[in-house]
$ cat run.cif   # mmCIF, C-alpha atoms
data_upload
loop_
_atom_site.group_PDB
_atom_site.id
_atom_site.type_symbol
_atom_site.label_atom_id
_atom_site.label_comp_id
_atom_site.auth_asym_id
_atom_site.auth_seq_id
_atom_site.Cartn_x
_atom_site.Cartn_y
_atom_site.Cartn_z
ATOM 1 C CA MET A 2 -17.467 -13.907 3.745
ATOM 2 C CA ASP A 3 -17.370 -17.001 5.953
ATOM 3 C CA THR A 4 -14.051 -17.244 7.855
ATOM 4 C CA THR A 5 -14.817 -20.478 9.685
ATOM 5 C CA ARG A 6 -12.776 -23.444 8.642
ATOM 6 C CA SER A 7 -14.519 -26.147 6.699
ATOM 7 C CA PRO A 8 -14.144 -29.645 8.138
ATOM 8 C CA HIS A 9 -12.978 -30.774 4.693
ATOM 9 C CA ARG A 10 -10.429 -28.053 4.240
ATOM 10 C CA PRO A 11 -6.836 -29.254 4.727
ATOM 11 C CA ALA A 12 -4.934 -28.102 7.791
ATOM 12 C CA ARG A 13 -2.609 -25.173 7.396
ATOM 13 C CA PRO A 14 1.100 -26.046 7.010
ATOM 14 C CA ALA A 15 1.982 -24.618 10.451
ATOM 15 C CA THR A 16 -0.677 -26.789 12.070
ATOM 16 C CA ARG A 17 0.639 -29.839 10.256
ATOM 17 C CA ARG A 18 4.204 -29.092 11.393
ATOM 18 C CA ARG A 19 3.112 -28.781 15.028
ATOM 19 C CA ARG A 20 1.134 -32.002 14.794
ATOM 20 C CA HIS A 21 4.072 -33.727 13.083
ATOM 21 C CA GLY A 22 6.400 -32.479 15.838
ATOM 22 C CA ARG A 23 4.101 -33.834 18.545
ATOM 23 C CA ILE A 24 3.921 -37.190 16.783
ATOM 24 C CA LEU A 25 7.710 -37.350 16.517
ATOM 25 C CA LEU A 26 8.038 -36.455 20.185
ATOM 26 C CA ALA A 27 5.575 -39.191 21.131
ATOM 27 C CA VAL A 28 7.409 -41.732 18.975
ATOM 28 C CA ALA A 29 10.748 -40.712 20.500
ATOM 29 C CA GLY A 30 9.305 -41.103 24.002
ATOM 30 C CA LEU A 31 7.876 -44.510 23.195
ATOM 31 C CA THR A 32 11.152 -45.620 21.643
ATOM 32 C CA THR A 33 13.055 -44.521 24.736
ATOM 33 C CA ALA A 34 10.632 -46.374 26.991
ATOM 34 C CA LEU A 35 10.910 -49.525 24.907
ATOM 35 C CA LEU A 36 14.699 -49.376 24.833
ATOM 36 C CA ALA A 37 14.851 -48.836 28.562
ATOM 37 C CA SER A 38 12.508 -51.749 29.205
ATOM 38 C CA ALA A 39 14.529 -53.960 26.866
ATOM 39 C CA CYS A 40 17.729 -53.249 28.801
ATOM 40 C CA ASP A 41 18.737 -55.700 31.433
ATOM 41 C CA THR A 42 17.500 -54.998 34.911
ATOM 42 C CA ALA A 43 19.521 -55.420 38.068
ATOM 43 C CA GLN A 44 17.856 -58.802 38.577
ATOM 44 C CA GLN A 45 19.170 -60.044 35.211
ATOM 45 C CA VAL A 46 22.819 -59.276 35.997
ATOM 46 C CA PRO A 47 24.602 -62.192 37.745
ATOM 47 C CA TRP A 48 25.881 -59.922 40.526
ATOM 48 C CA ALA A 49 27.362 -62.816 42.506
ATOM 49 C CA THR A 50 30.021 -63.177 39.804
ATOM 50 C CA TYR A 51 31.243 -59.587 40.304
ATOM 51 C CA SER A 52 32.814 -57.600 43.106
ATOM 52 C CA SER A 53 30.217 -56.840 45.795
ATOM 53 C CA GLY A 54 30.773 -53.090 45.369
ATOM 54 C CA LEU A 55 30.133 -52.972 41.621
ATOM 55 C CA GLN A 56 26.363 -52.475 41.602
ATOM 56 C CA PRO A 57 26.463 -49.773 44.308
ATOM 57 C CA ARG A 58 29.205 -47.954 42.310
ATOM 58 C CA ILE A 59 27.095 -48.059 39.151
ATOM 59 C CA ASP A 60 23.974 -46.944 41.001
ATOM 60 C CA ALA A 61 25.816 -44.118 42.795
ATOM 61 C CA ALA A 62 27.288 -42.876 39.505
ATOM 62 C CA THR A 63 23.819 -42.990 37.986
ATOM 63 C CA ALA A 64 22.246 -41.076 40.868
ATOM 64 C CA THR A 65 24.908 -38.357 40.752
ATOM 65 C CA GLY A 66 25.036 -38.182 36.956
ATOM 66 C CA ASP A 67 28.713 -39.150 36.921
ATOM 67 C CA CYS A 68 28.976 -39.910 33.208
ATOM 68 C CA ALA A 69 32.771 -40.230 33.311
ATOM 69 C CA ALA A 70 32.572 -42.996 35.932
ATOM 70 C CA LEU A 71 29.847 -44.790 33.985
ATOM 71 C CA ARG A 72 31.950 -44.550 30.812
ATOM 72 C CA VAL A 73 34.940 -46.101 32.634
ATOM 73 C CA LEU A 74 32.764 -48.876 34.076
ATOM 74 C CA LEU A 75 31.264 -49.599 30.645
ATOM 75 C CA THR A 76 34.688 -49.770 29.009
ATOM 76 C CA ALA A 77 35.922 -52.136 31.728
ATOM 77 C CA ALA A 78 32.851 -54.346 31.358
ATOM 78 C CA LYS A 79 33.302 -54.564 27.599
ATOM 79 C CA THR A 80 37.039 -55.265 27.686
ATOM 80 C CA SER A 81 36.808 -57.901 30.424
ATOM 81 C CA SER A 82 33.805 -59.776 29.024
ATOM 82 C CA GLN A 83 35.730 -62.707 27.522
ATOM 83 C CA ALA A 84 37.860 -63.202 30.628
ATOM 84 C CA HIS A 85 34.780 -62.974 32.846
ATOM 85 C CA GLU A 86 32.948 -65.539 30.718
ATOM 86 C CA LYS A 87 35.932 -67.888 30.808
ATOM 87 C CA ALA A 88 36.119 -67.619 34.609
ATOM 88 C CA THR A 89 32.405 -67.710 35.442
ATOM 89 C CA GLY A 90 30.516 -68.939 32.406
ATOM 90 C CA PHE A 91 28.770 -65.560 32.066
ATOM 91 C CA PRO A 92 29.739 -62.895 29.539
ATOM 92 C CA ASN A 93 29.278 -59.274 30.596
ATOM 93 C CA ASP A 94 26.366 -58.677 28.203
ATOM 94 C CA ALA A 95 23.798 -58.106 30.957
ATOM 95 C CA LEU A 96 26.228 -55.876 32.862
ATOM 96 C CA VAL A 97 26.975 -53.852 29.727
ATOM 97 C CA SER A 98 23.250 -53.370 29.116
ATOM 98 C CA TYR A 99 22.731 -52.382 32.754
ATOM 99 C CA ILE A 100 25.471 -49.755 32.554
ATOM 100 C CA GLN A 101 24.149 -48.447 29.232
ATOM 101 C CA ALA A 102 20.682 -48.104 30.776
ATOM 102 C CA ALA A 103 22.308 -46.315 33.734
ATOM 103 C CA GLN A 104 24.019 -43.893 31.340
ATOM 104 C CA HIS A 105 20.703 -43.159 29.676
ATOM 105 C CA GLN A 106 18.985 -42.657 33.033
ATOM 106 C CA ALA A 107 21.791 -40.352 34.185
ATOM 107 C CA GLY A 108 21.380 -38.260 31.033
ATOM 108 C CA CYS A 109 24.824 -39.048 29.687
ATOM 109 C CA PRO A 110 25.452 -38.306 26.014
ATOM 110 C CA ALA A 111 25.268 -41.296 23.706
ATOM 111 C CA ALA A 112 28.693 -42.821 23.239
ATOM 112 C CA SER A 113 30.010 -43.339 19.763
ATOM 113 C CA SER A 114 30.964 -46.900 18.981
#

$ encode --input "run.cif" --output "structure tokens"
Amino acid sequence: MDTTRSPHRPARPATRRRRHGRILLAVAGLTTALLASACDTAQQVPWATYSSGLQPRIDAATATGDCAALRVLLTAAKTSSQAHEKATGFPNDALVSYIQAAQHQAGCPAASS
């Protein structure tokens, strides 16, 4: 009896599940990369319209994985966006995206909206 697998014989279910899992993992990785690249970079945030210590605070919280600090900064950015736009002409959209990207980079859990 020939025990070699025919090239036309369908893959076993376990093999298909492993392959499917690898494909999902690859898709998840690509999605994460695309989302991260779509987020605003430091160069896209109008830093001159904010306190000079804001970017270093965000970056330090990111580097240390301080999710609580990033959550506070994100909440402040969201709640002050209209006032900031009225004062400077810039809403906090780029800052919000920057902080969200920082949360992702720091490994913070996704916040519920």

$ atom_distance --input "run.cif" --atom1 "atom CA of Ile100 of chain A" --atom2 "atom CA of Leu75 of chain A"
6.1 Å

$ resolve_selection --input "run.cif" --expression "the PyMOL selection byres ((chain A and resi 94) around 10)" --output "PDB file with C-alpha atoms, keeping the file's coordinate frame"
ATOM      1  CA  ASP A  41      18.737 -55.700  31.433  1.00  0.00           C
ATOM      2  CA  VAL A  46      22.819 -59.276  35.997  1.00  0.00           C
ATOM      3  CA  ALA A  78      32.851 -54.346  31.358  1.00  0.00           C
ATOM      4  CA  LYS A  79      33.302 -54.564  27.599  1.00  0.00           C
ATOM      5  CA  SER A  82      33.805 -59.776  29.024  1.00  0.00           C
ATOM      6  CA  GLU A  86      32.948 -65.539  30.718  1.00  0.00           C
ATOM      7  CA  PHE A  91      28.770 -65.560  32.066  1.00  0.00           C
ATOM      8  CA  PRO A  92      29.739 -62.895  29.539  1.00  0.00           C
ATOM      9  CA  ASN A  93      29.278 -59.274  30.596  1.00  0.00           C
ATOM     10  CA  ALA A  95      23.798 -58.106  30.957  1.00  0.00           C
ATOM     11  CA  LEU A  96      26.228 -55.876  32.862  1.00  0.00           C
ATOM     12  CA  VAL A  97      26.975 -53.852  29.727  1.00  0.00           C
ATOM     13  CA  SER A  98      23.250 -53.370  29.116  1.00  0.00           C
ATOM     14  CA  TYR A  99      22.731 -52.382  32.754  1.00  0.00           C
ATOM     15  CA  ILE A 100      25.471 -49.755  32.554  1.00  0.00           C
TER      16      ILE A 100
END

$ residues_near_point --input "run.cif" --point "(21.9, -37.6, 32.3)" --cutoff "8 Å" --atoms "all atoms listed in the file" --output "list in words"
Gly66, Cys68, Gln104, His105, Gln106, Ala107, Gly108, Cys109 and Pro110 of chain A

$ atom_distance --input "run.cif" --atom1 "atom CA of Gln83 of chain A" --atom2 "atom CA of Ala64 of chain A"
28.8 Å

$ resolve_selection --input "run.cif" --expression "the PyMOL selection byres ((chain A and resi 50) around 9)" --output "PyMOL selection string"
chain A and resi 47-49+51-53+85+89+91

$ closest_residue --input "run.cif" --among "A:Ala77, A:Ala84, A:Leu71, A:Ala61" --to "Ala111 of chain A" --atoms "all atoms listed in the file"
A:Leu71

$ closest_residue --input "run.cif" --among "A:Leu55, A:Ser81, A:Ala103, A:Gln45" --to "Asp67 of chain A" --atoms "all atoms listed in the file"
A:Ala103

$ axis_aligned_box --input "run.cif" --around "segment 53-57 of chain A" --padding-each-side "4 Å" --output "JSON"
{"center_x": 28.6, "center_y": -53.3, "center_z": 43.7, "size_x": 12.4, "size_y": 15.1, "size_z": 12.2}

$ atom_distance --input "run.cif" --atom1 "atom CA of Gly90 of chain A" --atom2 "atom CA of Ala102 of chain A"
23.1 Å

$ decode --input "run.cif" --residues "segment 63-84 of chain A" --atoms "N, CA, C and O atoms" --output "JSON list (two decimals), in the first residue's frame"
[["chain", "number", "residue", "atom", "x", "y", "z"],
["A", 63, "THR", "N", 5.58, 56.25, 26.43],
["A", 63, "THR", "CA", 5.64, 55.16, 25.46],
["A", 63, "THR", "C", 6.82, 54.24, 25.75],
["A", 63, "THR", "O", 6.67, 53.02, 25.79],
["A", 64, "ALA", "N", 7.98, 54.83, 25.98],
["A", 64, "ALA", "CA", 9.19, 54.05, 26.22],
["A", 64, "ALA", "C", 9.10, 53.20, 27.49],
["A", 64, "ALA", "O", 9.64, 52.10, 27.55],
["A", 65, "THR", "N", 8.41, 53.72, 28.50],
["A", 65, "THR", "CA", 8.30, 52.99, 29.76],
["A", 65, "THR", "C", 7.04, 52.14, 29.84],
["A", 65, "THR", "O", 6.83, 51.44, 30.85],
["A", 66, "GLY", "N", 6.21, 52.21, 28.81],
["A", 66, "GLY", "CA", 4.97, 51.42, 28.81],
["A", 66, "GLY", "C", 3.95, 51.93, 29.82],
["A", 66, "GLY", "O", 3.16, 51.15, 30.35],
["A", 67, "ASP", "N", 3.97, 53.22, 30.07],
["A", 67, "ASP", "CA", 3.06, 53.82, 31.06],
["A", 67, "ASP", "C", 1.70, 54.07, 30.41],
["A", 67, "ASP", "O", 1.38, 55.19, 29.98],
["A", 68, "CYS", "N", 0.89, 53.03, 30.36],
["A", 68, "CYS", "CA", -0.41, 53.10, 29.70],
["A", 68, "CYS", "C", -1.37, 54.06, 30.39],
["A", 68, "CYS", "O", -2.17, 54.72, 29.74],
["A", 69, "ALA", "N", -1.27, 54.16, 31.71],
["A", 69, "ALA", "CA", -2.15, 55.08, 32.45],
["A", 69, "ALA", "C", -1.87, 56.52, 32.04],
["A", 69, "ALA", "O", -2.80, 57.30, 31.80],
["A", 70, "ALA", "N", -0.59, 56.88, 31.94],
["A", 70, "ALA", "CA", -0.24, 58.25, 31.52],
["A", 70, "ALA", "C", -0.70, 58.51, 30.10],
["A", 70, "ALA", "O", -1.23, 59.59, 29.80],
["A", 71, "LEU", "N", -0.51, 57.54, 29.22],
["A", 71, "LEU", "CA", -0.95, 57.72, 27.82],
["A", 71, "LEU", "C", -2.46, 57.87, 27.74],
["A", 71, "LEU", "O", -2.99, 58.66, 26.95],
["A", 72, "ARG", "N", -3.18, 57.12, 28.58],
["A", 72, "ARG", "CA", -4.65, 57.22, 28.60],
["A", 72, "ARG", "C", -5.08, 58.62, 29.06],
["A", 72, "ARG", "O", -5.98, 59.22, 28.47],
["A", 73, "VAL", "N", -4.42, 59.16, 30.07],
["A", 73, "VAL", "CA", -4.72, 60.51, 30.56],
["A", 73, "VAL", "C", -4.41, 61.54, 29.47],
["A", 73, "VAL", "O", -5.21, 62.46, 29.23],
["A", 74, "LEU", "N", -3.28, 61.41, 28.82],
["A", 74, "LEU", "CA", -2.91, 62.35, 27.76],
["A", 74, "LEU", "C", -3.90, 62.28, 26.59],
["A", 74, "LEU", "O", -4.26, 63.31, 26.03],
["A", 75, "LEU", "N", -4.34, 61.07, 26.25],
["A", 75, "LEU", "CA", -5.30, 60.92, 25.16],
["A", 75, "LEU", "C", -6.64, 61.56, 25.52],
["A", 75, "LEU", "O", -7.23, 62.28, 24.71],
["A", 76, "THR", "N", -7.09, 61.34, 26.73],
["A", 76, "THR", "CA", -8.35, 61.94, 27.18],
["A", 76, "THR", "C", -8.26, 63.46, 27.15],
["A", 76, "THR", "O", -9.18, 64.14, 26.67],
["A", 77, "ALA", "N", -7.15, 64.00, 27.62],
["A", 77, "ALA", "CA", -6.96, 65.46, 27.61],
["A", 77, "ALA", "C", -6.93, 66.00, 26.18],
["A", 77, "ALA", "O", -7.52, 67.05, 25.89],
["A", 78, "ALA", "N", -6.28, 65.29, 25.29],
["A", 78, "ALA", "CA", -6.20, 65.73, 23.89],
["A", 78, "ALA", "C", -7.59, 65.74, 23.25],
["A", 78, "ALA", "O", -7.94, 66.66, 22.51],
["A", 79, "LYS", "N", -8.37, 64.71, 23.55],
["A", 79, "LYS", "CA", -9.72, 64.63, 22.97],
["A", 79, "LYS", "C", -10.63, 65.72, 23.54],
["A", 79, "LYS", "O", -11.37, 66.36, 22.78],
["A", 80, "THR", "N", -10.58, 65.93, 24.84],
["A", 80, "THR", "CA", -11.50, 66.89, 25.45],
["A", 80, "THR", "C", -11.13, 68.34, 25.17],
["A", 80, "THR", "O", -11.99, 69.22, 25.22],
["A", 81, "SER", "N", -9.88, 68.61, 24.87],
["A", 81, "SER", "CA", -9.45, 69.99, 24.61],
["A", 81, "SER", "C", -9.35, 70.32, 23.13],
["A", 81, "SER", "O", -8.93, 71.42, 22.77],
["A", 82, "SER", "N", -9.76, 69.42, 22.26],
["A", 82, "SER", "CA", -9.57, 69.62, 20.82],
["A", 82, "SER", "C", -10.28, 70.87, 20.30],
["A", 82, "SER", "O", -9.69, 71.65, 19.55],
["A", 83, "GLN", "N", -11.53, 71.07, 20.69],
["A", 83, "GLN", "CA", -12.26, 72.25, 20.17],
["A", 83, "GLN", "C", -11.63, 73.54, 20.66],
["A", 83, "GLN", "O", -11.47, 74.49, 19.88],
["A", 84, "ALA", "N", -11.27, 73.60, 21.93],
["A", 84, "ALA", "CA", -10.64, 74.81, 22.47],
["A", 84, "ALA", "C", -9.29, 75.06, 21.80],
["A", 84, "ALA", "O", -8.94, 76.20, 21.47]]
